[in-house]
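Chemist: Structure file run_3.cif (mmCIF, C-alpha atoms) is given on the next line.
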```cif
data_model
loop_
_atom_site.group_PDB
_atom_site.id
_atom_site.type_symbol
_atom_site.label_atom_id
_atom_site.label_comp_id
_atom_site.auth_asym_id
_atom_site.auth_seq_id
_atom_site.Cartn_x
_atom_site.Cartn_y
_atom_site.Cartn_z
ATOM 1 C CA ARG A 1 -1.095 23.718 -6.389
ATOM 2 C CA ARG A 2 -2.714 23.947 -2.971
ATOM 3 C CA VAL A 3 -2.377 20.714 -0.958
ATOM 4 C CA LEU A 4 -5.649 19.781 0.744
ATOM 5 C CA PHE A 5 -5.183 16.176 1.823
ATOM 6 C CA ARG A 6 -2.356 13.832 2.767
ATOM 7 C CA SER A 7 0.039 13.865 -0.157
ATOM 8 C CA GLU A 8 1.449 10.724 -1.756
ATOM 9 C CA VAL A 9 3.921 10.221 -4.584
ATOM 10 C CA ILE A 10 2.611 9.077 -7.981
ATOM 11 C CA VAL A 11 4.898 6.629 -9.767
ATOM 12 C CA HIS A 12 4.719 5.423 -13.369
ATOM 13 C CA LEU A 13 6.022 1.839 -13.708
ATOM 14 C CA TRP A 14 7.044 0.773 -17.205
ATOM 15 C CA PRO A 15 9.319 -1.859 -18.822
ATOM 16 C CA ASP A 16 13.032 -1.106 -19.080
ATOM 17 C CA TRP A 17 13.146 -1.979 -22.791
ATOM 18 C CA PRO A 18 11.137 -0.975 -25.883
ATOM 19 C CA GLU A 19 7.750 -2.669 -26.169
ATOM 20 C CA VAL A 20 8.194 -3.233 -29.897
ATOM 21 C CA GLU A 21 9.241 -6.113 -32.070
ATOM 22 C CA GLY A 22 12.598 -6.041 -33.839
ATOM 23 C CA ASN A 23 14.768 -3.103 -34.855
ATOM 24 C CA GLN A 24 12.691 -0.405 -36.517
ATOM 25 C CA SER A 25 13.605 2.872 -38.144
ATOM 26 C CA GLU A 26 11.994 6.034 -36.732
ATOM 27 C CA GLU A 27 9.571 6.143 -39.672
ATOM 28 C CA GLU A 28 8.625 2.469 -39.257
ATOM 29 C CA SER A 29 8.171 2.954 -35.521
ATOM 30 C CA LEU A 30 5.884 5.969 -36.072
ATOM 31 C CA ARG A 31 3.826 4.048 -38.656
ATOM 32 C CA ALA A 32 3.466 1.097 -36.244
ATOM 33 C CA THR A 33 2.497 3.469 -33.432
ATOM 34 C CA MET A 34 -0.259 5.107 -35.493
ATOM 35 C CA GLN A 35 -1.545 1.690 -36.564
ATOM 36 C CA MET A 36 -1.805 0.651 -32.916
ATOM 37 C CA LEU A 37 -3.410 3.964 -31.889
ATOM 38 C CA GLY A 38 -6.188 3.245 -34.383
ATOM 39 C CA SER A 39 -7.237 0.159 -32.426
ATOM 40 C CA GLN A 40 -7.689 2.036 -29.148
ATOM 41 C CA ALA A 41 -10.450 3.963 -27.383
ATOM 42 C CA PHE A 42 -9.015 7.365 -28.376
ATOM 43 C CA ALA A 43 -9.613 6.754 -32.092
ATOM 44 C CA SER A 44 -13.211 5.725 -31.439
ATOM 45 C CA GLU A 45 -13.957 8.614 -29.046
ATOM 46 C CA ALA A 46 -12.389 11.145 -31.430
ATOM 47 C CA GLY A 47 -14.775 9.974 -34.175
ATOM 48 C CA LEU A 48 -11.977 8.472 -36.264
ATOM 49 C CA GLY A 49 -13.371 4.954 -36.314
ATOM 50 C CA LEU A 50 -11.259 1.916 -35.524
ATOM 51 C CA TRP A 51 -8.433 0.523 -37.645
ATOM 52 C CA GLY A 52 -4.965 -0.946 -37.241
ATOM 53 C CA ARG A 53 -3.873 -3.578 -34.786
ATOM 54 C CA PRO A 54 -3.730 -3.938 -30.977
ATOM 55 C CA PRO A 55 -0.630 -2.719 -29.118
ATOM 56 C CA PHE A 56 2.263 -5.162 -28.949
ATOM 57 C CA LEU A 57 2.299 -7.194 -25.725
ATOM 58 C CA SER A 58 5.608 -8.466 -24.378
ATOM 59 C CA LEU A 59 5.024 -11.643 -22.372
ATOM 60 C CA ARG A 60 8.400 -11.179 -20.704
ATOM 61 C CA SER A 61 7.359 -7.713 -19.486
ATOM 62 C CA ALA A 62 3.982 -9.058 -18.340
ATOM 63 C CA SER A 63 5.658 -11.809 -16.320
ATOM 64 C CA ASN A 64 8.137 -9.381 -14.752
ATOM 65 C CA LEU A 65 5.343 -6.969 -13.888
ATOM 66 C CA GLN A 66 3.354 -9.667 -12.075
ATOM 67 C CA LYS A 67 6.431 -10.575 -10.023
ATOM 68 C CA LEU A 68 7.138 -6.915 -9.273
ATOM 69 C CA MET A 69 3.575 -6.247 -8.112
ATOM 70 C CA ALA A 70 3.647 -9.343 -5.886
ATOM 71 C CA ALA A 71 6.881 -8.065 -4.299
ATOM 72 C CA LEU A 72 5.430 -4.581 -3.759
ATOM 73 C CA ALA A 73 2.247 -6.021 -2.226
ATOM 74 C CA ASP A 74 4.163 -8.398 0.050
ATOM 75 C CA ARG A 75 6.168 -5.480 1.428
ATOM 76 C CA ARG A 76 3.110 -3.157 1.592
ATOM 77 C CA LEU A 77 4.995 -0.445 -0.286
ATOM 78 C CA ILE A 78 2.132 0.989 -2.375
ATOM 79 C CA SER A 79 -1.284 2.464 -1.544
ATOM 80 C CA SER A 80 -2.941 1.987 -4.932
ATOM 81 C CA ALA A 81 -2.271 0.628 -8.423
ATOM 82 C CA GLN A 82 -3.998 1.085 -11.767
ATOM 83 C CA ASP A 83 -2.990 -0.082 -15.230
ATOM 84 C CA VAL A 84 -3.175 2.368 -18.118
ATOM 85 C CA SER A 85 -4.454 -0.044 -20.767
ATOM 86 C CA ASP A 86 -8.021 1.321 -20.642
ATOM 87 C CA GLY A 87 -7.944 4.871 -22.004
ATOM 88 C CA GLY A 88 -4.285 5.749 -21.452
ATOM 89 C CA ILE A 89 -2.409 7.543 -18.703
ATOM 90 C CA ALA A 90 -4.435 10.786 -18.736
ATOM 91 C CA THR A 91 -7.716 8.882 -18.383
ATOM 92 C CA THR A 92 -6.259 6.607 -15.704
ATOM 93 C CA LEU A 93 -5.060 9.546 -13.608
ATOM 94 C CA ALA A 94 -8.345 11.457 -13.980
ATOM 95 C CA LYS A 95 -10.374 8.398 -12.925
ATOM 96 C CA ALA A 96 -8.100 7.874 -9.921
ATOM 97 C CA CYS A 97 -8.698 11.486 -8.838
ATOM 98 C CA LEU A 98 -12.456 10.902 -8.995
ATOM 99 C CA VAL A 99 -12.276 7.670 -7.007
ATOM 100 C CA ALA A 100 -10.052 9.214 -4.319
ATOM 101 C CA ASN A 101 -11.920 12.554 -4.462
ATOM 102 C CA THR A 102 -8.622 14.424 -4.504
ATOM 103 C CA GLY A 103 -6.497 16.164 -7.101
ATOM 104 C CA ALA A 104 -3.040 15.412 -8.439
ATOM 105 C CA ASP A 105 -0.186 17.475 -9.804
ATOM 106 C CA VAL A 106 1.524 15.427 -12.517
ATOM 107 C CA ASP A 107 4.479 16.298 -14.748
ATOM 108 C CA MET A 108 5.655 13.699 -17.269
ATOM 109 C CA ARG A 109 9.110 15.294 -17.370
ATOM 110 C CA SER A 110 10.668 12.718 -19.677
ATOM 111 C CA TRP A 111 7.929 13.093 -22.331
ATOM 112 C CA SER A 112 7.849 15.698 -25.083
ATOM 113 C CA ASP A 113 4.572 17.269 -26.260
ATOM 114 C CA ASP A 114 4.808 15.927 -29.824
ATOM 115 C CA LEU A 115 2.159 13.373 -30.837
ATOM 116 C CA LEU A 116 0.110 14.576 -27.872
ATOM 117 C CA PRO A 117 -2.864 12.174 -28.257
ATOM 118 C CA VAL A 118 -0.444 9.248 -28.418
ATOM 119 C CA LYS A 119 1.303 10.326 -25.215
ATOM 120 C CA LEU A 120 -1.845 11.041 -23.196
ATOM 121 C CA PHE A 121 -4.241 8.350 -24.417
ATOM 122 C CA TRP A 122 -2.006 5.509 -25.601
ATOM 123 C CA GLU A 123 -3.210 2.257 -23.989
ATOM 124 C CA TYR A 124 0.207 0.952 -23.044
ATOM 125 C CA ALA A 125 0.497 -2.704 -22.106
ATOM 126 C CA ASN A 126 2.502 -3.519 -18.956
ATOM 127 C CA HIS A 127 2.398 0.060 -17.644
ATOM 128 C CA LEU A 128 1.009 0.925 -14.205
ATOM 129 C CA VAL A 129 0.448 4.033 -12.129
ATOM 130 C CA VAL A 130 0.928 3.476 -8.392
ATOM 131 C CA THR A 131 0.883 5.727 -5.335
ATOM 132 C CA CYS A 132 3.111 5.442 -2.283
ATOM 133 C CA SER A 133 4.515 7.375 0.653
ATOM 134 C CA ARG A 134 7.748 9.215 -0.113
ATOM 135 C CA GLU A 135 9.716 7.076 2.339
ATOM 136 C CA ASN A 136 8.891 3.972 0.262
ATOM 137 C CA LEU A 137 9.943 5.456 -3.083
ATOM 138 C CA GLU A 138 13.581 4.366 -2.981
ATOM 139 C CA ARG A 139 12.650 0.760 -2.167
ATOM 140 C CA ILE A 140 10.111 0.733 -5.015
ATOM 141 C CA GLU A 141 12.725 2.052 -7.463
ATOM 142 C CA LYS A 142 15.154 -0.688 -6.367
ATOM 143 C CA LEU A 143 12.580 -3.468 -6.704
ATOM 144 C CA ALA A 144 11.505 -2.134 -10.105
ATOM 145 C CA GLU A 145 15.116 -2.226 -11.318
ATOM 146 C CA GLU A 146 15.493 -5.815 -10.079
ATOM 147 C CA HIS A 147 12.477 -6.777 -12.212
ATOM 148 C CA SER A 148 13.642 -4.858 -15.328
ATOM 149 C CA PHE A 149 11.170 -2.004 -14.821
ATOM 150 C CA ILE A 150 11.567 1.751 -14.450
ATOM 151 C CA ALA A 151 9.882 3.525 -11.534
ATOM 152 C CA ASP A 152 9.436 7.130 -12.662
ATOM 153 C CA GLU A 153 8.160 9.656 -10.095
ATOM 154 C CA ILE A 154 5.631 11.779 -11.999
ATOM 155 C CA GLY A 155 3.742 13.759 -9.364
ATOM 156 C CA VAL A 156 1.885 13.998 -6.080
ATOM 157 C CA THR A 157 -1.686 13.540 -4.890
ATOM 158 C CA GLY A 158 -3.688 15.678 -2.468
ATOM 159 C CA THR A 159 -4.006 18.910 -4.461
ATOM 160 C CA ASP A 160 -7.182 20.862 -5.214
ATOM 161 C CA GLN A 161 -7.365 19.938 -8.920
ATOM 162 C CA PHE A 162 -6.031 17.524 -11.541
ATOM 163 C CA THR A 163 -3.113 19.069 -13.424
ATOM 164 C CA LEU A 164 -1.084 17.206 -16.041
ATOM 165 C CA LYS A 165 2.021 18.627 -17.724
ATOM 166 C CA LEU A 166 4.405 17.242 -20.336
ATOM 167 C CA SER A 167 7.950 18.465 -19.704
ATOM 168 C CA GLY A 168 6.593 21.360 -17.649
ATOM 169 C CA ILE A 169 4.009 22.452 -20.252
ATOM 170 C CA GLU A 170 0.476 22.288 -18.876
ATOM 171 C CA GLN A 171 -1.917 20.162 -20.938
ATOM 172 C CA ILE A 172 -4.793 19.576 -18.510
ATOM 173 C CA ALA A 173 -5.959 21.619 -15.498
ATOM 174 C CA GLU A 174 -9.424 20.818 -14.153
ATOM 175 C CA SER A 175 -11.107 20.881 -10.778
ATOM 176 C CA ILE A 176 -12.366 17.580 -9.409
ATOM 177 C CA ALA A 177 -15.925 18.928 -9.600
ATOM 178 C CA ALA A 178 -15.513 19.669 -13.337
ATOM 179 C CA LEU A 179 -14.046 16.223 -13.974
ATOM 180 C CA ARG A 180 -16.933 14.591 -12.120
ATOM 181 C CA THR A 181 -19.546 16.569 -14.071
ATOM 182 C CA THR A 182 -17.955 15.566 -17.396
ATOM 183 C CA TYR A 183 -17.621 11.933 -16.344
ATOM 184 C CA GLN A 184 -21.225 11.670 -15.128
ATOM 185 C CA ALA A 185 -22.582 13.325 -18.288
ATOM 186 C CA THR A 186 -20.595 10.907 -20.463
ATOM 187 C CA LEU A 187 -21.694 7.901 -18.406
ATOM 188 C CA GLU A 188 -25.341 8.956 -18.593
ATOM 189 C CA SER A 189 -25.164 9.317 -22.393
ATOM 190 C CA GLN A 190 -23.519 5.911 -22.737
ATOM 191 C CA LEU A 191 -26.207 4.275 -20.592
ATOM 192 C CA ALA A 192 -28.945 6.044 -22.565
ATOM 193 C CA ALA A 193 -27.430 4.834 -25.849
ATOM 194 C CA GLU A 194 -27.294 1.265 -24.554
ATOM 195 C CA VAL A 195 -30.967 1.405 -23.528
ATOM 196 C CA VAL A 196 -31.956 2.693 -26.986
ATOM 197 C CA THR A 197 -30.013 -0.025 -28.803
ATOM 198 C CA ALA A 198 -30.994 -2.861 -26.432
#
```
Re-express the file's structure as structure tokens.

Modeler:
Amino acid sequence: RRVLFRSEVIVHLWPDWPEVEGNQSEEESLRATMQMLGSQAFASEAGLGLWGRPPFLSLRSASNLQKLMAALADRRLISSAQDVSDGGIATTLAKACLVANTGADVDMRSWSDDLLPVKLFWEYANHLVVTCSRENLERIEKLAEEHSFIADEIGVTGTDQFTLKLSGIEQIAESIAALRTTYQATLESQLAAEVVTA
């Protein structure tokens, strides 16, 4: 992608252990995942209604994340931070592009493209997306490891559109203008609906 603005690294921070309770078989884990997906914004927006239960929240991960973010802020190692618990990682990245008025080229290399809605719109607890200069990346990875987190480099900012791939396979490719038009149209309809029901 064409780089238009100063480029920064995008890093996905997530806990270094499974955010699930107990030892589960693959089938049990999938069933639990689908139950949790049903309680999130994706199910509602896709017209599937709401069901299931909220995602599991590890208090140990939450505590470690707060300490990690304090350490990163103290050392001024990151430029921005956004959690992914409101709409999932795809929504979080798209919103960040709109706020910064710049694109991003993202490749979730460690993710497969199975259960695509789960991967893109899962409202993970204790997961953050941060941006930083490349020279700070190694220090961020070290601090993350010290706090039992993984710092996974997933892309760069400063491109001319928002592109998201899973393991190299493109899933989303939109210009910032197209994203903004969609976002504003959705926001206007939501506000109109609220006025009607008020």

Chemist: For the file shown, report as a JSON list (two decimals) with C-alpha atoms, in the frame of the given file the outcome of the PyMOL selection byres ((chain A and resi 129) around 10) at residue level.

Modeler:
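Final output, saved to selection-v8.json:
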```json
[["chain", "number", "residue", "atom", "x", "y", "z"],
["A", 10, "ILE", "CA", 2.61, 9.08, -7.98],
["A", 11, "VAL", "CA", 4.90, 6.63, -9.77],
["A", 12, "HIS", "CA", 4.72, 5.42, -13.37],
["A", 13, "LEU", "CA", 6.02, 1.84, -13.71],
["A", 14, "TRP", "CA", 7.04, 0.77, -17.20],
["A", 80, "SER", "CA", -2.94, 1.99, -4.93],
["A", 81, "ALA", "CA", -2.27, 0.63, -8.42],
["A", 82, "GLN", "CA", -4.00, 1.08, -11.77],
["A", 83, "ASP", "CA", -2.99, -0.08, -15.23],
["A", 84, "VAL", "CA", -3.18, 2.37, -18.12],
["A", 89, "ILE", "CA", -2.41, 7.54, -18.70],
["A", 92, "THR", "CA", -6.26, 6.61, -15.70],
["A", 93, "LEU", "CA", -5.06, 9.55, -13.61],
["A", 96, "ALA", "CA", -8.10, 7.87, -9.92],
["A", 127, "HIS", "CA", 2.40, 0.06, -17.64],
["A", 128, "LEU", "CA", 1.01, 0.92, -14.20],
["A", 130, "VAL", "CA", 0.93, 3.48, -8.39],
["A", 131, "THR", "CA", 0.88, 5.73, -5.34],
["A", 151, "ALA", "CA", 9.88, 3.52, -11.53],
["A", 152, "ASP", "CA", 9.44, 7.13, -12.66],
["A", 153, "GLU", "CA", 8.16, 9.66, -10.10],
["A", 154, "ILE", "CA", 5.63, 11.78, -12.00]]
```

Chemist: Starting from 8 Å padding per side, set up an axis-aligned box that covers all listed atoms of stretch 138-151 of chain A and hand over centre and edge lengths in Å, one decimal, as AutoDock Vina command-line options.

Modeler:
```
--center_x 12.7 --center_y -1.2 --center_z -8.7 --size_x 21.6 --size_y 27.1 --size_z 29.2
```

Chemist: Name every residue that the PyMOL selection byres ((chain A and resi 177) around 12) selects in this structure, writing the answer as a compact mmCIF listing (two decimals) with C-alpha atoms, keeping the file's coordinate frame with chains first and numbers rising.

Modeler:
```txt
# COMPACT_ATOMS: atom_id res chain seq x y z
CA ALA A 94 -8.35 11.46 -13.98
CA CYS A 97 -8.70 11.49 -8.84
CA LEU A 98 -12.46 10.90 -8.99
CA ASN A 101 -11.92 12.55 -4.46
CA THR A 102 -8.62 14.42 -4.50
CA GLY A 103 -6.50 16.16 -7.10
CA ASP A 160 -7.18 20.86 -5.21
CA GLN A 161 -7.36 19.94 -8.92
CA PHE A 162 -6.03 17.52 -11.54
CA ALA A 173 -5.96 21.62 -15.50
CA GLU A 174 -9.42 20.82 -14.15
CA SER A 175 -11.11 20.88 -10.78
CA ILE A 176 -12.37 17.58 -9.41
CA ALA A 178 -15.51 19.67 -13.34
CA LEU A 179 -14.05 16.22 -13.97
CA ARG A 180 -16.93 14.59 -12.12
CA THR A 181 -19.55 16.57 -14.07
CA THR A 182 -17.95 15.57 -17.40
CA TYR A 183 -17.62 11.93 -16.34
CA GLN A 184 -21.22 11.67 -15.13
```

Chemist: With all atoms listed in the file as the basis for distance, which of A:Leu77, A:Ala71, A:Ala90, A:Leu65 is at the shortest distance from A:Leu164?

Modeler: A:Ala90

Chemist: Using all atoms listed in the file for the distances, tell me which of A:Thr163, A:Gln171, A:Ser63, A:Ser7 is nearest to A:Asp105.

Modeler: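 Distance minimum relative to A:Asp105 lands on A:Thr163.
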
Chemist: Starting from the shown file, work through the PyMOL selection byres ((chain A and resi 68) around 12) and note down what comes out as a ChimeraX atom specification.

Modeler: /A:13-15,61-67,69-75,77-78,126-128,139-151

Chemist: Counting all atoms listed in the file, which of A:Val9, A:Leu57, A:Ile169, A:Ala185 gets nearest to A:Ser110?

Modeler: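 For A:Ser110, the nearest of the candidates is A:Ile169.
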
Chemist: Figure out the distance between atom CA of A:Gly158 and atom CA of A:Ala100, please, to one decimal in Å.

Modeler: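 Between atom CA of A:Ala100 and atom CA of A:Gly158 the gap is 9.3 Å.
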
Chemist: Rounded to one decimal in Å, what is the spacing between atom CA of A:Thr91 and atom CA of A:Ile172?

Modeler: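 Separating atom CA of A:Thr91 from atom CA of A:Ile172 is a distance of 11.1 Å.
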
Chemist: Quick check, in Å to one decimal: how far apart do atom CA of A:Asp107 and atom CA of A:Ala125 lie?

Modeler: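 Spanning atom CA of A:Asp107 to atom CA of A:Ala125 is a straight-line distance of 20.8 Å.
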
Chemist: Give me the residues near A:Arg134 as an MDAnalysis selection string, where near means some atom within 8 Å (using all atoms listed in the file) and where sequence neighbours in that chain fewer than 2 positions away do not count.

Modeler: chainID A and resid 8:9 132 136:137

Chemist: Would you list the contacts of A:Leu120 as a PyMOL selection string, taking every protein, DNA or RNA residue within 7 Å and counting all atoms listed in the file, but skipping same-chain residues closer than 2 positions in sequence?

Modeler: chain A and resi 88-90+116-118+122

Chemist: Fix up stretch 100-111 of chain A with all heavy atoms, then write it as a PDB file, in the frame of the given file.

Modeler:
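Okay, rebuild_21.pdb is ready:
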```
ATOM      1  N   ALA A 100     -10.630   8.770  -5.596  1.00  0.00           N
ATOM      2  CA  ALA A 100     -10.052   9.214  -4.319  1.00  0.00           C
ATOM      3  C   ALA A 100     -10.618  10.553  -3.857  1.00  0.00           C
ATOM      4  O   ALA A 100     -10.380  10.979  -2.723  1.00  0.00           O
ATOM      5  CB  ALA A 100      -8.541   9.316  -4.444  1.00  0.00           C
ATOM      6  N   ASN A 101     -11.366  11.228  -4.745  1.00  0.00           N
ATOM      7  CA  ASN A 101     -11.920  12.554  -4.462  1.00  0.00           C
ATOM      8  C   ASN A 101     -10.830  13.542  -4.038  1.00  0.00           C
ATOM      9  O   ASN A 101     -10.989  14.320  -3.092  1.00  0.00           O
ATOM     10  CB  ASN A 101     -13.009  12.477  -3.397  1.00  0.00           C
ATOM     11  CG  ASN A 101     -13.874  13.736  -3.375  1.00  0.00           C
ATOM     12  OD1 ASN A 101     -14.100  14.343  -4.423  1.00  0.00           O
ATOM     13  ND2 ASN A 101     -14.317  14.132  -2.200  1.00  0.00           N
ATOM     14  N   THR A 102      -9.726  13.496  -4.749  1.00  0.00           N
ATOM     15  CA  THR A 102      -8.622  14.424  -4.504  1.00  0.00           C
ATOM     16  C   THR A 102      -7.903  14.700  -5.816  1.00  0.00           C
ATOM     17  O   THR A 102      -7.998  13.898  -6.750  1.00  0.00           O
ATOM     18  CB  THR A 102      -7.627  13.857  -3.467  1.00  0.00           C
ATOM     19  OG1 THR A 102      -6.628  14.831  -3.193  1.00  0.00           O
ATOM     20  CG2 THR A 102      -6.956  12.593  -3.968  1.00  0.00           C
ATOM     21  N   GLY A 103      -7.208  15.805  -5.878  1.00  0.00           N
ATOM     22  CA  GLY A 103      -6.497  16.164  -7.101  1.00  0.00           C
ATOM     23  C   GLY A 103      -5.099  15.580  -7.153  1.00  0.00           C
ATOM     24  O   GLY A 103      -4.648  14.888  -6.232  1.00  0.00           O
ATOM     25  N   ALA A 104      -4.415  15.872  -8.248  1.00  0.00           N
ATOM     26  CA  ALA A 104      -3.040  15.412  -8.439  1.00  0.00           C
ATOM     27  C   ALA A 104      -2.303  16.415  -9.309  1.00  0.00           C
ATOM     28  O   ALA A 104      -2.897  17.009 -10.214  1.00  0.00           O
ATOM     29  CB  ALA A 104      -3.020  14.036  -9.101  1.00  0.00           C
ATOM     30  N   ASP A 105      -1.041  16.599  -9.004  1.00  0.00           N
ATOM     31  CA  ASP A 105      -0.186  17.475  -9.804  1.00  0.00           C
ATOM     32  C   ASP A 105       0.849  16.581 -10.468  1.00  0.00           C
ATOM     33  O   ASP A 105       1.730  16.035  -9.800  1.00  0.00           O
ATOM     34  CB  ASP A 105       0.486  18.505  -8.896  1.00  0.00           C
ATOM     35  CG  ASP A 105       1.181  19.602  -9.685  1.00  0.00           C
ATOM     36  OD1 ASP A 105       1.023  19.636 -10.922  1.00  0.00           O
ATOM     37  OD2 ASP A 105       1.890  20.417  -9.074  1.00  0.00           O
ATOM     38  N   VAL A 106       0.713  16.397 -11.777  1.00  0.00           N
ATOM     39  CA  VAL A 106       1.524  15.427 -12.517  1.00  0.00           C
ATOM     40  C   VAL A 106       2.347  16.148 -13.574  1.00  0.00           C
ATOM     41  O   VAL A 106       1.844  17.014 -14.283  1.00  0.00           O
ATOM     42  CB  VAL A 106       0.625  14.364 -13.200  1.00  0.00           C
ATOM     43  CG1 VAL A 106       1.454  13.400 -14.035  1.00  0.00           C
ATOM     44  CG2 VAL A 106      -0.193  13.613 -12.156  1.00  0.00           C
ATOM     45  N   ASP A 107       3.618  15.779 -13.683  1.00  0.00           N
ATOM     46  CA  ASP A 107       4.479  16.298 -14.748  1.00  0.00           C
ATOM     47  C   ASP A 107       5.275  15.140 -15.328  1.00  0.00           C
ATOM     48  O   ASP A 107       6.148  14.575 -14.670  1.00  0.00           O
ATOM     49  CB  ASP A 107       5.438  17.368 -14.211  1.00  0.00           C
ATOM     50  CG  ASP A 107       6.159  18.114 -15.331  1.00  0.00           C
ATOM     51  OD1 ASP A 107       6.043  17.700 -16.513  1.00  0.00           O
ATOM     52  OD2 ASP A 107       6.849  19.102 -15.030  1.00  0.00           O
ATOM     53  N   MET A 108       4.920  14.754 -16.565  1.00  0.00           N
ATOM     54  CA  MET A 108       5.655  13.699 -17.269  1.00  0.00           C
ATOM     55  C   MET A 108       6.914  14.350 -17.844  1.00  0.00           C
ATOM     56  O   MET A 108       6.969  14.731 -19.006  1.00  0.00           O
ATOM     57  CB  MET A 108       4.792  13.087 -18.368  1.00  0.00           C
ATOM     58  CG  MET A 108       3.384  12.707 -17.935  1.00  0.00           C
ATOM     59  SD  MET A 108       3.327  11.395 -16.710  1.00  0.00           S
ATOM     60  CE  MET A 108       3.840   9.983 -17.682  1.00  0.00           C
ATOM     61  N   ARG A 109       7.927  14.507 -17.002  1.00  0.00           N
ATOM     62  CA  ARG A 109       9.110  15.294 -17.370  1.00  0.00           C
ATOM     63  C   ARG A 109       9.913  14.682 -18.510  1.00  0.00           C
ATOM     64  O   ARG A 109      10.585  15.386 -19.247  1.00  0.00           O
ATOM     65  CB  ARG A 109      10.013  15.473 -16.139  1.00  0.00           C
ATOM     66  CG  ARG A 109       9.393  16.343 -15.059  1.00  0.00           C
ATOM     67  CD  ARG A 109      10.307  16.471 -13.859  1.00  0.00           C
ATOM     68  NE  ARG A 109      10.544  15.196 -13.210  1.00  0.00           N
ATOM     69  CZ  ARG A 109       9.754  14.673 -12.276  1.00  0.00           C
ATOM     70  NH1 ARG A 109       8.676  15.337 -11.878  1.00  0.00           N
ATOM     71  NH2 ARG A 109      10.022  13.519 -11.725  1.00  0.00           N
ATOM     72  N   SER A 110       9.859  13.363 -18.643  1.00  0.00           N
ATOM     73  CA  SER A 110      10.668  12.718 -19.677  1.00  0.00           C
ATOM     74  C   SER A 110       9.939  12.645 -21.020  1.00  0.00           C
ATOM     75  O   SER A 110      10.477  12.127 -21.989  1.00  0.00           O
ATOM     76  CB  SER A 110      11.069  11.307 -19.221  1.00  0.00           C
ATOM     77  OG  SER A 110       9.918  10.521 -18.993  1.00  0.00           O
ATOM     78  N   TRP A 111       8.707  13.154 -21.096  1.00  0.00           N
ATOM     79  CA  TRP A 111       7.929  13.093 -22.331  1.00  0.00           C
ATOM     80  C   TRP A 111       7.885  14.456 -22.999  1.00  0.00           C
ATOM     81  O   TRP A 111       7.703  15.479 -22.344  1.00  0.00           O
ATOM     82  CB  TRP A 111       6.493  12.655 -22.040  1.00  0.00           C
ATOM     83  CG  TRP A 111       6.357  11.244 -21.570  1.00  0.00           C
ATOM     84  CD1 TRP A 111       7.357  10.411 -21.152  1.00  0.00           C
ATOM     85  CD2 TRP A 111       5.145  10.511 -21.443  1.00  0.00           C
ATOM     86  NE1 TRP A 111       6.833   9.208 -20.775  1.00  0.00           N
ATOM     87  CE2 TRP A 111       5.485   9.232 -20.948  1.00  0.00           C
ATOM     88  CE3 TRP A 111       3.810  10.808 -21.704  1.00  0.00           C
ATOM     89  CZ2 TRP A 111       4.534   8.252 -20.708  1.00  0.00           C
ATOM     90  CZ3 TRP A 111       2.863   9.831 -21.463  1.00  0.00           C
ATOM     91  CH2 TRP A 111       3.213   8.567 -20.976  1.00  0.00           C
TER      92      TRP A 111
END
```
